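Colleague: So that you have it, the file is coords-v2.txt, and it contains compact mmCIF, C-alpha atoms:
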```txt
# COMPACT_ATOMS: atom_id res chain seq x y z
CA MET K 1 93.33 77.49 93.70
CA ILE K 2 90.60 79.40 95.46
CA THR K 3 87.61 77.73 97.10
CA LEU K 4 84.26 79.43 96.73
CA LYS K 5 81.21 78.16 98.60
CA VAL K 6 78.31 79.08 96.34
CA ASN K 7 74.71 78.04 96.88
CA GLY K 8 75.74 75.23 99.19
CA GLU K 9 78.45 73.77 96.95
CA SER K 10 82.23 74.20 97.08
CA HIS K 11 84.06 75.08 93.88
CA GLU K 12 87.82 75.06 93.32
CA LEU K 13 88.74 77.83 90.90
CA ASP K 14 92.12 78.56 89.36
CA VAL K 15 91.70 82.34 89.25
CA SER K 16 93.43 85.46 90.52
CA PRO K 17 92.36 86.51 94.03
CA GLU K 18 91.78 89.97 92.57
CA MET K 19 89.21 88.72 90.05
CA PRO K 20 85.78 90.27 90.72
CA LEU K 21 83.46 87.65 92.21
CA LEU K 22 80.90 88.40 89.48
CA TRP K 23 83.33 87.16 86.82
CA ALA K 24 83.70 83.87 88.68
CA LEU K 25 79.96 83.47 89.20
CA ARG K 26 78.92 84.21 85.63
CA ASP K 27 81.85 83.05 83.50
CA ARG K 28 83.23 80.14 85.54
CA LEU K 29 80.20 78.82 87.41
CA HIS K 30 77.64 79.91 84.78
CA LEU K 31 75.29 81.43 87.36
CA THR K 32 73.97 84.14 85.11
CA GLY K 33 71.02 85.29 87.22
CA THR K 34 73.36 87.84 88.79
CA LYS K 35 73.80 90.70 86.33
CA PHE K 36 76.60 92.99 85.27
CA GLY K 37 75.49 96.60 85.31
CA CYS K 38 78.09 99.30 85.90
CA GLY K 39 81.06 97.23 87.05
CA LYS K 40 81.95 99.63 89.84
CA ALA K 41 79.46 99.11 92.65
CA MET K 42 77.23 101.97 91.58
CA CYS K 43 74.08 100.18 90.39
CA GLY K 44 73.51 97.03 92.47
CA ALA K 45 72.61 94.71 89.57
CA CYS K 46 75.34 92.31 90.71
CA THR K 47 74.15 92.02 94.33
CA VAL K 48 74.61 88.60 95.95
CA HIS K 49 74.71 87.51 99.58
CA ILE K 50 78.05 86.92 101.27
CA ASN K 51 77.62 85.67 104.82
CA GLY K 52 74.15 87.17 104.68
CA GLN K 53 75.25 90.64 103.58
CA ALA K 54 74.24 92.29 100.29
CA ALA K 55 77.60 92.28 98.53
CA ARG K 56 78.27 93.87 95.15
CA SER K 57 79.93 91.02 93.33
CA CYS K 58 81.50 93.27 90.68
CA SER K 59 83.57 94.90 93.40
CA ILE K 60 84.10 92.18 95.97
CA MET K 61 87.11 90.16 94.86
CA VAL K 62 87.28 86.38 94.74
CA GLY K 63 90.00 86.38 97.40
CA GLU K 64 87.73 88.38 99.71
CA ALA K 65 84.83 85.98 99.21
CA ALA K 66 86.89 82.79 99.55
CA GLY K 67 85.67 80.53 102.33
CA LYS K 68 82.55 82.60 102.97
CA THR K 69 78.95 81.57 102.30
CA ILE K 70 77.85 82.97 98.96
CA THR K 71 74.23 82.86 97.81
CA THR K 72 73.00 84.00 94.42
CA ILE K 73 69.47 84.70 93.15
CA GLU K 74 69.27 81.12 91.86
CA ALA K 75 69.31 79.70 95.40
CA VAL K 76 67.70 82.19 97.77
CA SER K 77 65.36 80.40 100.12
CA GLY K 78 63.55 80.72 103.42
CA LYS K 79 60.57 82.68 104.69
CA VAL K 80 61.90 86.12 103.88
CA ALA K 81 62.98 85.17 100.37
CA GLU K 82 59.59 83.59 99.72
CA ALA K 83 57.74 86.63 101.04
CA VAL K 84 59.79 88.94 98.85
CA THR K 85 59.54 86.95 95.64
CA GLN K 86 55.80 86.38 96.13
CA ALA K 87 55.19 90.08 96.75
CA TRP K 88 57.25 90.86 93.66
CA GLN K 89 55.08 88.57 91.57
CA ARG K 90 51.78 89.66 93.14
CA LEU K 91 52.48 93.32 92.45
CA ASP K 92 54.13 92.66 89.09
CA VAL K 93 57.07 94.80 90.15
CA VAL K 94 59.31 93.97 87.23
CA GLN K 95 59.48 96.18 84.14
CA CYS K 96 62.47 95.16 81.98
CA GLY K 97 63.77 93.02 84.83
CA TYR K 98 67.50 93.55 84.42
CA CYS K 99 68.06 95.02 87.88
CA GLN K 100 65.50 92.91 89.68
CA SER K 101 67.67 90.05 90.91
CA GLY K 102 69.84 92.65 92.63
CA GLN K 103 66.78 94.46 94.00
CA ILE K 104 65.42 91.22 95.44
CA MET K 105 68.75 90.29 97.03
CA SER K 106 68.93 93.66 98.78
CA ALA K 107 65.27 93.53 99.84
CA ILE K 108 65.86 90.14 101.48
CA VAL K 109 68.78 91.51 103.49
CA LEU K 110 66.71 94.53 104.54
CA LEU K 111 63.76 92.44 105.72
CA THR K 112 65.95 89.87 107.41
CA GLY K 113 67.34 92.56 109.71
CA ASN K 114 64.28 94.81 109.89
CA LYS K 115 60.81 93.25 110.01
CA THR K 116 58.94 96.55 109.89
CA PRO K 117 60.90 98.92 107.65
CA THR K 118 59.72 102.49 107.23
CA ASP K 119 59.87 104.25 103.90
CA GLU K 120 63.13 105.85 105.06
CA ASP K 121 64.58 102.46 106.02
CA ILE K 122 63.70 101.18 102.55
CA ASP K 123 65.22 104.22 100.84
CA LEU K 124 68.46 103.94 102.82
CA SER K 125 68.76 100.22 102.29
CA MET K 126 67.79 100.11 98.61
CA GLU K 127 69.76 103.23 97.65
CA GLY K 128 72.46 101.18 95.96
CA ASN K 129 70.10 99.42 93.57
CA ILE K 130 69.32 101.48 90.50
CA CYS K 131 66.28 100.77 88.28
CA ARG K 132 66.41 102.38 84.86
CA CYS K 133 62.69 101.66 84.37
CA GLY K 134 61.82 103.57 87.52
CA THR K 135 59.97 100.82 89.36
CA TYR K 136 60.93 102.28 92.72
CA VAL K 137 57.33 102.89 93.83
CA ARG K 138 56.41 99.27 93.14
CA ILE K 139 59.59 98.04 94.81
CA ARG K 140 58.80 100.01 97.95
CA HIS K 141 55.20 98.75 97.91
CA ALA K 142 56.37 95.15 97.49
CA ILE K 143 58.76 95.43 100.43
CA HIS K 144 55.93 96.71 102.64
CA GLU K 145 53.73 93.86 101.40
CA ALA K 146 56.41 91.31 102.12
CA ALA K 147 56.86 92.76 105.61
CA LYS K 148 53.12 92.44 106.27
CA SER K 149 53.10 88.83 105.15
CA LEU K 150 56.00 88.07 107.51
CA ALA K 151 54.30 89.69 110.53
CA MET V 1 104.13 123.91 95.68
CA ARG V 2 101.08 122.15 97.03
CA ILE V 3 103.11 119.26 98.37
CA TRP V 4 104.79 121.26 101.03
CA GLY V 5 102.07 123.77 101.78
CA SER V 6 103.01 127.42 101.97
CA ARG V 7 106.63 128.39 101.45
CA VAL V 8 106.53 130.43 104.63
CA SER V 9 105.52 127.52 106.82
CA PHE V 10 108.00 125.18 105.16
CA THR V 11 110.83 127.67 105.51
CA THR V 12 109.97 128.22 109.16
CA PHE V 13 109.83 124.52 109.69
CA ALA V 14 113.15 123.86 107.92
CA VAL V 15 114.99 126.55 109.85
CA THR V 16 113.54 125.25 113.09
CA LEU V 17 114.64 121.72 112.28
CA ILE V 18 118.18 122.84 111.42
CA LEU V 19 118.43 124.81 114.66
CA ALA V 20 117.08 121.92 116.68
CA ALA V 21 119.41 119.42 114.98
CA THR V 22 122.43 121.69 115.54
CA ALA V 23 121.59 122.08 119.21
CA VAL V 24 121.22 118.32 119.63
CA ALA V 25 124.50 117.65 117.78
CA LEU V 26 126.47 120.16 119.85
CA SER V 27 124.97 118.80 123.03
CA SER V 28 125.70 115.17 122.19
CA THR V 29 129.35 115.85 121.28
CA GLY V 30 129.93 117.78 124.46
CA ALA V 31 131.15 120.80 122.50
CA ALA V 32 128.44 122.83 124.10
CA ARG V 33 125.95 122.16 126.84
CA THR V 34 123.17 124.30 125.45
CA GLN V 35 119.86 122.45 125.50
CA PRO V 36 117.07 123.23 123.07
CA SER V 37 114.76 125.53 124.94
CA LEU V 38 111.13 124.81 125.61
CA ALA V 39 110.28 127.61 123.21
CA ASP V 40 112.34 125.95 120.44
CA ASP V 41 110.55 122.64 121.00
CA GLN V 42 107.18 124.34 120.85
CA THR V 43 108.09 126.21 117.69
CA ALA V 44 109.21 122.96 116.06
CA SER V 45 106.04 121.25 117.30
CA LEU V 46 103.86 123.97 115.82
CA ALA V 47 105.70 123.83 112.49
CA ALA V 48 105.32 120.05 112.42
CA TRP V 49 101.60 120.42 113.10
CA ASP V 50 101.24 122.57 109.96
CA GLN V 51 102.41 119.59 107.93
CA ILE V 52 100.28 117.10 109.86
CA ALA V 53 97.18 119.27 109.39
CA GLU V 54 97.73 119.24 105.64
CA VAL V 55 97.59 115.45 105.76
CA LEU V 56 94.57 115.17 108.05
CA GLN V 57 92.61 117.70 106.01
CA HIS V 58 93.36 115.87 102.76
CA PRO V 59 90.36 114.10 101.16
CA ARG V 60 91.97 110.68 101.81
CA CYS V 61 91.62 111.32 105.55
CA LEU V 62 88.83 113.85 105.87
CA ASN V 63 86.31 112.10 103.60
CA CYS V 64 85.50 109.52 106.25
CA HIS V 65 85.76 111.77 109.33
CA GLN V 66 82.22 113.03 108.67
CA LEU V 67 79.04 113.03 110.73
CA ASN V 68 76.54 110.81 108.96
CA SER V 69 77.67 110.16 105.39
CA PRO V 70 81.18 109.99 103.96
CA LEU V 71 82.44 112.18 101.15
CA GLN V 72 83.97 110.68 98.04
CA GLY V 73 86.80 111.46 95.65
CA ASP V 74 89.30 114.26 95.47
CA SER V 75 86.43 116.71 94.92
CA ARG V 76 84.91 115.74 98.29
CA ARG V 77 81.42 115.26 96.91
CA VAL V 78 78.86 113.26 98.83
CA HIS V 79 79.32 109.48 98.56
CA ILE V 80 77.42 107.90 95.67
CA PRO V 81 75.43 105.80 96.31
CA ARG V 82 74.23 107.46 99.49
CA VAL V 83 75.30 105.65 102.63
CA VAL V 84 74.71 106.48 106.28
CA ARG V 85 76.65 105.73 109.44
CA GLY V 86 74.34 103.26 111.23
CA PRO V 87 74.85 101.98 114.78
CA ASP V 88 78.31 100.47 114.17
CA ASP V 89 79.73 103.15 111.81
CA GLN V 90 79.54 100.65 108.91
CA GLY V 91 76.20 101.46 107.28
CA VAL V 92 72.69 100.02 107.45
CA GLY V 93 70.67 97.21 105.88
CA ALA V 94 71.83 96.38 102.38
CA MET V 95 74.15 99.42 102.31
CA ARG V 96 77.11 98.51 104.47
CA CYS V 97 80.70 99.55 103.78
CA GLY V 98 81.97 96.00 103.36
CA ASN V 99 79.36 95.27 100.71
CA CYS V 100 81.58 97.04 98.19
CA HIS V 101 84.90 97.84 99.93
CA ASN V 102 87.23 94.85 100.23
CA SER V 103 89.14 94.31 103.45
CA MET V 104 92.00 92.88 101.33
CA GLY V 105 92.56 96.21 99.59
CA ASN V 106 91.71 98.20 96.46
CA ASN V 107 89.90 96.44 93.66
CA PRO V 108 91.92 97.14 90.49
CA THR V 109 89.03 96.16 88.20
CA SER V 110 86.10 98.10 89.66
CA GLY V 111 88.24 100.86 91.13
CA THR V 112 86.54 100.50 94.49
CA PRO V 113 89.00 101.40 97.24
CA GLY V 114 89.45 99.03 100.14
CA GLY V 115 91.25 98.34 103.38
CA LEU V 116 90.92 96.46 106.62
CA ASP V 117 87.84 97.43 108.65
CA TRP V 118 86.55 100.04 106.20
CA LYS V 119 84.12 102.37 108.01
CA LEU V 120 83.35 105.93 109.02
CA ALA V 121 85.52 107.35 111.78
CA PRO V 122 83.66 107.35 115.12
CA VAL V 123 81.36 110.27 115.94
CA SER V 124 83.85 111.36 118.59
CA MET V 125 86.38 111.98 115.81
CA LEU V 126 84.47 114.42 113.61
CA TRP V 127 86.85 116.66 111.70
CA GLN V 128 84.50 118.25 109.19
CA GLY V 129 84.68 122.03 109.19
CA LEU V 130 87.40 122.30 111.83
CA SER V 131 90.13 124.93 111.59
CA SER V 132 93.72 123.76 111.90
CA GLY V 133 93.76 124.83 115.56
CA ASP V 134 90.49 123.12 116.43
CA LEU V 135 91.57 119.98 114.56
CA CYS V 136 94.84 119.98 116.50
CA ARG V 137 93.05 120.26 119.84
CA ALA V 138 90.65 117.47 118.83
CA VAL V 139 93.47 115.16 117.74
CA LYS V 140 95.32 115.47 121.04
CA ASP V 141 92.19 115.23 123.22
CA PRO V 142 91.81 111.63 124.46
CA LYS V 143 88.02 112.11 124.40
CA HIS V 144 88.22 112.77 120.68
CA ASN V 145 91.10 110.60 119.54
CA GLY V 146 90.16 107.14 120.76
CA ASN V 147 91.82 107.67 124.15
CA ARG V 148 95.32 107.85 122.65
CA ASP V 149 98.31 109.56 124.20
CA GLY V 150 101.13 111.02 122.09
CA ALA V 151 102.94 107.71 121.67
CA ALA V 152 99.72 105.97 120.62
CA LEU V 153 98.98 108.73 118.11
CA ILE V 154 102.41 108.20 116.54
CA ARG V 155 101.81 104.44 116.34
CA HIS V 156 98.37 105.10 114.83
CA MET V 157 99.98 107.10 112.04
CA GLU V 158 102.74 104.52 111.62
CA ASP V 159 100.75 101.35 111.14
CA GLU V 160 96.96 101.71 111.21
CA PRO V 161 95.77 100.05 107.96
CA LEU V 162 93.15 102.69 107.18
CA VAL V 163 95.74 105.43 107.74
CA LEU V 164 98.20 103.70 105.40
CA TYR V 165 95.47 103.48 102.76
CA GLY V 166 95.88 107.24 102.33
CA TRP V 167 99.19 106.63 100.55
CA ASN V 168 97.81 103.83 98.36
CA PRO V 169 94.31 104.90 97.33
CA GLY V 170 94.28 103.17 93.93
CA LYS V 171 92.87 104.25 90.58
CA SER V 172 92.83 107.99 89.93
CA ARG V 173 92.54 109.10 93.56
CA GLU V 174 95.30 111.42 94.76
CA PRO V 175 97.43 109.93 97.53
CA VAL V 176 98.27 111.96 100.63
CA PRO V 177 100.88 114.37 99.20
CA ILE V 178 103.50 114.16 101.98
CA PRO V 179 105.52 110.91 102.17
CA HIS V 180 104.38 108.62 104.97
CA GLU V 181 107.78 108.45 106.66
CA LYS V 182 107.94 112.25 106.74
CA VAL V 183 104.51 112.43 108.36
CA VAL V 184 105.62 110.00 111.06
CA GLU V 185 108.68 112.23 111.66
CA TYR V 186 106.42 115.27 111.96
CA MET V 187 104.23 113.38 114.43
CA LYS V 188 107.26 112.61 116.59
CA ILE V 189 108.40 116.24 116.52
CA TRP V 190 104.88 117.45 117.28
CA VAL V 191 104.51 115.10 120.24
CA ALA V 192 108.04 115.75 121.55
CA GLY V 193 107.33 119.49 121.54
CA GLY V 194 104.19 119.11 123.62
CA MET V 195 101.62 118.74 120.83
CA ALA V 196 101.49 122.49 120.23
CA CYS V 197 98.41 123.85 118.50
CA PRO V 198 97.83 127.08 116.59
CA ASN V 199 95.16 129.45 117.91
```
Taking this structure as input, can you express it in the form of structure tokens?
Modeller:
Amino acid sequence: MITLKVNGESHELDVSPEMPLLWALRDRLHLTGTKFGCGKAMCGACTVHINGQAARSCSIMVGEAAGKTITTIEAVSGKVAEAVTQAWQRLDVVQCGYCQSGQIMSAIVLLTGNKTPTDEDIDLSMEGNICRCGTYVRIRHAIHEAAKSLA
Amino acid sequence: MRIWGSRVSFTTFAVTLILAATAVALSSTGAARTQPSLADDQTASLAAWDQIAEVLQHPRCLNCHQLNSPLQGDSRRVHIPRVVRGPDDQGVGAMRCGNCHNSMGNNPTSGTPGGLDWKLAPVSMLWQGLSSGDLCRAVKDPKHNGNRDGAALIRHMEDEPLVLYGWNPGKSREPVPIPHEKVVEYMKIWVAGGMACPN
């Protein structure tokens, strides 16, 4: 049995330690806000927080995440998360929306560690989150807006 | 044969090893008191370095001994997605090495490689673009090798987890083509012969 601490609750799962965390989140715990995109850490749709870092849950294995603090899009909270989600809504960032939970998870990590990100900081930090609709300009704008609201 | 590098260097190396082994055997049995000369040791050291260089310049090693961004794959293309070194050699913001690379090892499902303490080699250990001779001098220089002496360099090749990853890269990545135990032998010969470097 492997213990996963997800969104403040502990879950005992009878799964292989090599199972991708995303499988456990979506298929065992039914937390489907985190999306499957490429399955090999190339698109960022599956981004969650593990001990506050923007982990790609399709590539991080259950055994790696065991015992650590895992947060998914369903349970993000706090000032930074509020600033990001409000900016997202205010600027209507989302197009199709499939990648957006991953985008928001990465943006929260960026702004948690960097209160005044430059465009280059945003590019370097958000590089791993692909948007097929091309909402990058709005994403960048929303991150700047969120930073202003946190100042 | 790519595995053993050029035939010339392998032949030179093999002959040197046989000569050195014969000298040691004769000496240890007392049949003759001839000691391997300093020149023999240096020749063996140099031949061993040829093999070591082939390992260190292999994508499994060289891809992460880069200045700002690692390379990726056997083709040595730039890492996708783009990642940068950052202040602790492990990336920046939401793009840190451990976000995708598992410390417990390769992920058989996603194909993402992994290993303990996955990160870029320190800036002091840049190997990109170095000739075999320059690489050799960098590897034996304590200022560029993590302050390691010969014995520590051997141990590093013997049991450092990120070094061992080179022989178990997972998925379709090519492992380091010379067996690990042979590389450790070459390291011992290279160090014993004074860590000789080509010009």
Colleague: Considering all atoms listed in the file, state which residue in the set V:Ala44, V:Asn63, V:Met95, V:Asp88 is at the smallest distance from Gly128 in chain K.
Modeller: V:Met95
Colleague: Using all atoms listed in the file, select each residue of chain V with any atom at most 6 Å away from an atom of chain K, and give the selection as a ChimeraX atom specification.
Modeller: /V:81,93-95,99-100,102,110
Colleague: Between CA of Asp89 in chain V and CA of Leu153 in chain V, what is the distance in Å, rounded to a tenth?
Modeller: 21.0 Å
Colleague: Quick one: residues within 10 Å of range 158-162 of chain V, only C-alpha atoms counted, chain neighbours fewer than 2 positions away excluded, as a ChimeraX atom specification?
Modeller: /V:60-61,103,105,114-119,152-156,164-167,180-181,183-185,187
Colleague: What is the distance, in Å and to one decimal place, between CA of Arg90 in chain K and CA of Arg138 in chain K?
Modeller: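 Computed distance, CA of Arg90 in chain K to CA of Arg138 in chain K, equals 10.7 Å.
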Colleague: What gap, in Å, lies between CA of Arg137 in chain V and CA of Cys197 in chain V?
Modeller: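 It comes out at 6.6 Å.
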Colleague: Name all residues at most 10 Å from Val94 in chain K (count only C-alpha atoms; drop same-chain ones fewer than 4 positions away) and give them as a VMD selection string.
Modeller: chain K and resid 88 to 89 98 to 101 131 133 to 135 138 to 139
Colleague: Residues near Lys115 in chain K, anyone? I mean within 8 Å using all atoms listed in the file, not counting same-chain ones fewer than 4 positions away, as a PyMOL selection string.
Modeller: chain K and resi 111+147+150-151
Colleague: Can you tell me which residues surround Met195 in chain V at a distance of at most 10 Å, considering all atoms listed in the file, apart from same-chain residues fewer than 6 positions away, and format the answer as a PDB file with C-alpha atoms, in the frame of the given file?
Modeller:
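Output saved as part_27.pdb:
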```pdb
ATOM      1  CA  ASP V  41     110.550 122.640 121.000  1.00  0.00           C
ATOM      2  CA  GLN V  42     107.180 124.340 120.850  1.00  0.00           C
ATOM      3  CA  ALA V  44     109.210 122.960 116.060  1.00  0.00           C
ATOM      4  CA  SER V  45     106.040 121.250 117.300  1.00  0.00           C
ATOM      5  CA  LEU V  46     103.860 123.970 115.820  1.00  0.00           C
ATOM      6  CA  ALA V  48     105.320 120.050 112.420  1.00  0.00           C
ATOM      7  CA  TRP V  49     101.600 120.420 113.100  1.00  0.00           C
ATOM      8  CA  CYS V 136      94.840 119.980 116.500  1.00  0.00           C
ATOM      9  CA  ARG V 137      93.050 120.260 119.840  1.00  0.00           C
ATOM     10  CA  VAL V 139      93.470 115.160 117.740  1.00  0.00           C
ATOM     11  CA  LYS V 140      95.320 115.470 121.040  1.00  0.00           C
ATOM     12  CA  GLY V 150     101.130 111.020 122.090  1.00  0.00           C
ATOM     13  CA  MET V 187     104.230 113.380 114.430  1.00  0.00           C
ATOM     14  CA  LYS V 188     107.260 112.610 116.590  1.00  0.00           C
ATOM     15  CA  ILE V 189     108.400 116.240 116.520  1.00  0.00           C
TER      16      ILE V 189
END
```
Colleague: As number ranges by chain, please: the residues near range 125-133 of chain V (cut-off 6 Å, all atoms listed in the file, same-chain neighbours under 6 positions excluded).
Modeller: V: 65-66, 144, 197-199
Colleague: Save range 111-175 of chain V to disk from that block, C-alpha atoms included, as an mmCIF file, in the first residue's frame.
Modeller:
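Wrote it out as result-v7.cif, contents follow:
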```
data_model
loop_
_atom_site.group_PDB
_atom_site.id
_atom_site.type_symbol
_atom_site.label_atom_id
_atom_site.label_comp_id
_atom_site.auth_asym_id
_atom_site.auth_seq_id
_atom_site.Cartn_x
_atom_site.Cartn_y
_atom_site.Cartn_z
ATOM 1 C CA GLY V 111 9.985 7.442 -20.590
ATOM 2 C CA THR V 112 11.330 10.298 -18.493
ATOM 3 C CA PRO V 113 14.786 9.386 -17.217
ATOM 4 C CA GLY V 114 15.542 9.787 -13.541
ATOM 5 C CA GLY V 115 18.105 9.391 -10.807
ATOM 6 C CA LEU V 116 19.053 10.718 -7.417
ATOM 7 C CA ASP V 117 19.700 14.474 -7.355
ATOM 8 C CA TRP V 118 19.027 15.055 -11.055
ATOM 9 C CA LYS V 119 20.611 18.368 -12.114
ATOM 10 C CA LEU V 120 23.086 20.075 -14.397
ATOM 11 C CA ALA V 121 26.737 19.524 -13.565
ATOM 12 C CA PRO V 122 28.209 22.568 -11.788
ATOM 13 C CA VAL V 123 29.522 25.456 -13.885
ATOM 14 C CA SER V 124 33.045 24.515 -12.815
ATOM 15 C CA MET V 125 32.602 21.207 -14.649
ATOM 16 C CA LEU V 126 31.737 22.416 -18.144
ATOM 17 C CA TRP V 127 32.796 19.872 -20.748
ATOM 18 C CA GLN V 128 31.021 21.198 -23.825
ATOM 19 C CA GLY V 129 33.350 21.685 -26.767
ATOM 20 C CA LEU V 130 36.472 20.391 -25.031
ATOM 21 C CA SER V 131 39.040 18.295 -26.885
ATOM 22 C CA SER V 132 40.088 15.013 -25.305
ATOM 23 C CA GLY V 133 43.234 16.667 -23.925
ATOM 24 C CA ASP V 134 41.407 19.664 -22.490
ATOM 25 C CA LEU V 135 38.728 17.395 -21.011
ATOM 26 C CA CYS V 136 41.450 15.272 -19.411
ATOM 27 C CA ARG V 137 43.121 18.298 -17.839
ATOM 28 C CA ALA V 138 39.748 19.564 -16.579
ATOM 29 C CA VAL V 139 38.837 16.201 -15.053
ATOM 30 C CA LYS V 140 42.059 15.963 -13.060
ATOM 31 C CA ASP V 141 42.066 19.618 -11.964
ATOM 32 C CA PRO V 142 40.603 19.865 -8.426
ATOM 33 C CA LYS V 143 39.228 23.311 -9.337
ATOM 34 C CA HIS V 144 37.174 21.708 -12.087
ATOM 35 C CA ASN V 145 36.341 18.288 -10.689
ATOM 36 C CA GLY V 146 34.707 19.047 -7.360
ATOM 37 C CA ASN V 147 38.036 19.061 -5.503
ATOM 38 C CA ARG V 148 38.617 15.340 -6.097
ATOM 39 C CA ASP V 149 41.972 13.591 -6.107
ATOM 40 C CA GLY V 150 42.609 10.444 -8.161
ATOM 41 C CA ALA V 151 41.125 8.095 -5.578
ATOM 42 C CA ALA V 152 38.003 10.246 -5.268
ATOM 43 C CA LEU V 153 37.624 10.333 -9.048
ATOM 44 C CA ILE V 154 37.701 6.525 -9.129
ATOM 45 C CA ARG V 155 35.074 6.351 -6.377
ATOM 46 C CA HIS V 156 32.971 8.911 -8.261
ATOM 47 C CA MET V 157 32.948 6.650 -11.308
ATOM 48 C CA GLU V 158 32.301 3.576 -9.171
ATOM 49 C CA ASP V 159 29.238 4.619 -7.237
ATOM 50 C CA GLU V 160 27.885 8.100 -7.974
ATOM 51 C CA PRO V 161 24.177 7.533 -8.791
ATOM 52 C CA LEU V 162 24.093 10.005 -11.683
ATOM 53 C CA VAL V 163 27.213 8.386 -13.152
ATOM 54 C CA LEU V 164 25.642 4.923 -12.885
ATOM 55 C CA TYR V 165 22.539 6.234 -14.666
ATOM 56 C CA GLY V 166 24.664 6.321 -17.828
ATOM 57 C CA TRP V 167 24.506 2.521 -17.988
ATOM 58 C CA ASN V 168 20.760 2.379 -17.288
ATOM 59 C CA PRO V 169 19.201 5.259 -19.211
ATOM 60 C CA GLY V 170 15.848 3.595 -19.917
ATOM 61 C CA LYS V 171 13.607 3.646 -22.976
ATOM 62 C CA SER V 172 15.375 4.043 -26.309
ATOM 63 C CA ARG V 173 18.378 5.993 -25.033
ATOM 64 C CA GLU V 174 21.757 4.413 -25.757
ATOM 65 C CA PRO V 175 23.669 3.407 -22.639
#
```
